[in-house]
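Q: One structure, as structure tokens, below. Some questions next.
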Amino acid sequence: KGFEGTCAQAGVDLAVVLNRGNIGCSTSRNQGIARARGKKVVFVDNDVALRSRTWLAAMGACLDADASAAFVGPKILYPLPPHDIQCAGAAVSRSGRVQFIGRGEYRNDPRFNVRREVQCLISACLMAKKSVLDAIGGFDEAFNPVEYEDIDLCYRARSRGHRVLYEPGVEMYHFESVTTAGTPALPNTYLIIKHGMLFKKRWRKMFEKEDGPGDAETRGRRIETRRFDQVGELPVVD
């Protein structure tokens, strides 16, 4: 209620949707899509923290600048110093393995500081055009409760001619796997395998023909992560 009051004072129209339990990532996001009235929809996971103050305006400008763009995602960083890259967009090899581009690399590496089209994004932080979400039907609930729903969403949009963009001018922190790995009711490894197989079966004819990374490039190294309460104040930039 305190948050609702703060939004009201700021002139922000807020609608809260509460579910009795975990109904799945795709289903809950689709609830938000159905209630949204703007031209753009933003998804931000509960384990994401702000780094770029102007993130909304910058991501919105990126989408507005490209009529064919469906989604845009930021440079996602690890919350521990030196805040290396966790994901600078995502890619899929010709065998269907997913790569987090730039994983473990230096945040200011020039290779990852150029806006570009990518095969897919992770939805830890993602902005979408509402018209595209409505046209493709939002997230596929076959991927509930979690894993691969965002990769599938990007491929469904791209199969209709839309582009998916990575915007390095926006940076966000992500406490990787803190929510999924910290929820005993979610067999995360099993879901990755199960939903990965579904994704491959559905989109093999598409990614087999794309110039994705080699399988060896998709084997990202494991990097230490921590919970919110284990990390101090995070730097915020303009």
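Please note that chains go A, B, ... in the order of the structure tokens, that every chain numbers its residues from 1, and that ligands are numbered from 1 in the order shown.
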Please provide the set of residues having any atom within 6 Å of segment 101-109 of chain A, restricted to only C-alpha atoms, with same-chain residues fewer than 3 positions apart removed, written as an MDAnalysis selection string.

A: chainID A and resid 84:90 112

Q: Just the residues within 8 Å of Arg156 of chain A, please, counting only C-alpha atoms, with nothing from its chain fewer than 4 positions along; format it as a list of chain:residue names.

A: A:Ile136, A:Asp152, A:Arg160

Q: Which residue is closest to Tyr148 of chain A? Choose from A:Gly60, A:Pro81, A:Gly196, A:Gly169 and count only C-alpha atoms.

A: A:Gly196

Q: Compare A:Cys154, A:Leu56, A:Ala128, A:Ile76 by their minimum atom-to-atom distance to Asp140 of chain A, counting only C-alpha atoms, and give me the closest one.

A: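 Looking at the shortest contact to Asp140 of chain A, the residue is A:Cys154.
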
Q: What's around Val42 of chain A at 7 Å? Count only C-alpha atoms, leave out sequence neighbours fewer than 2 positions away in its own chain, and write the answer as a ChimeraX atom specification.

A: /A:40,44,126-128

Q: Restricting it to C-alpha atoms, dump the selection as a PDB file, in the first residue's frame.

A:
ATOM      1  CA  LYS A  40       5.561  -0.102 -24.729  1.00  0.00           C
ATOM      2  CA  VAL A  44      12.058  -6.272 -14.974  1.00  0.00           C
ATOM      3  CA  LEU A 126      13.444  -6.166 -21.627  1.00  0.00           C
ATOM      4  CA  MET A 127      11.325  -3.499 -23.316  1.00  0.00           C
ATOM      5  CA  ALA A 128       8.778  -4.515 -25.938  1.00  0.00           C
TER       6      ALA A 128
END
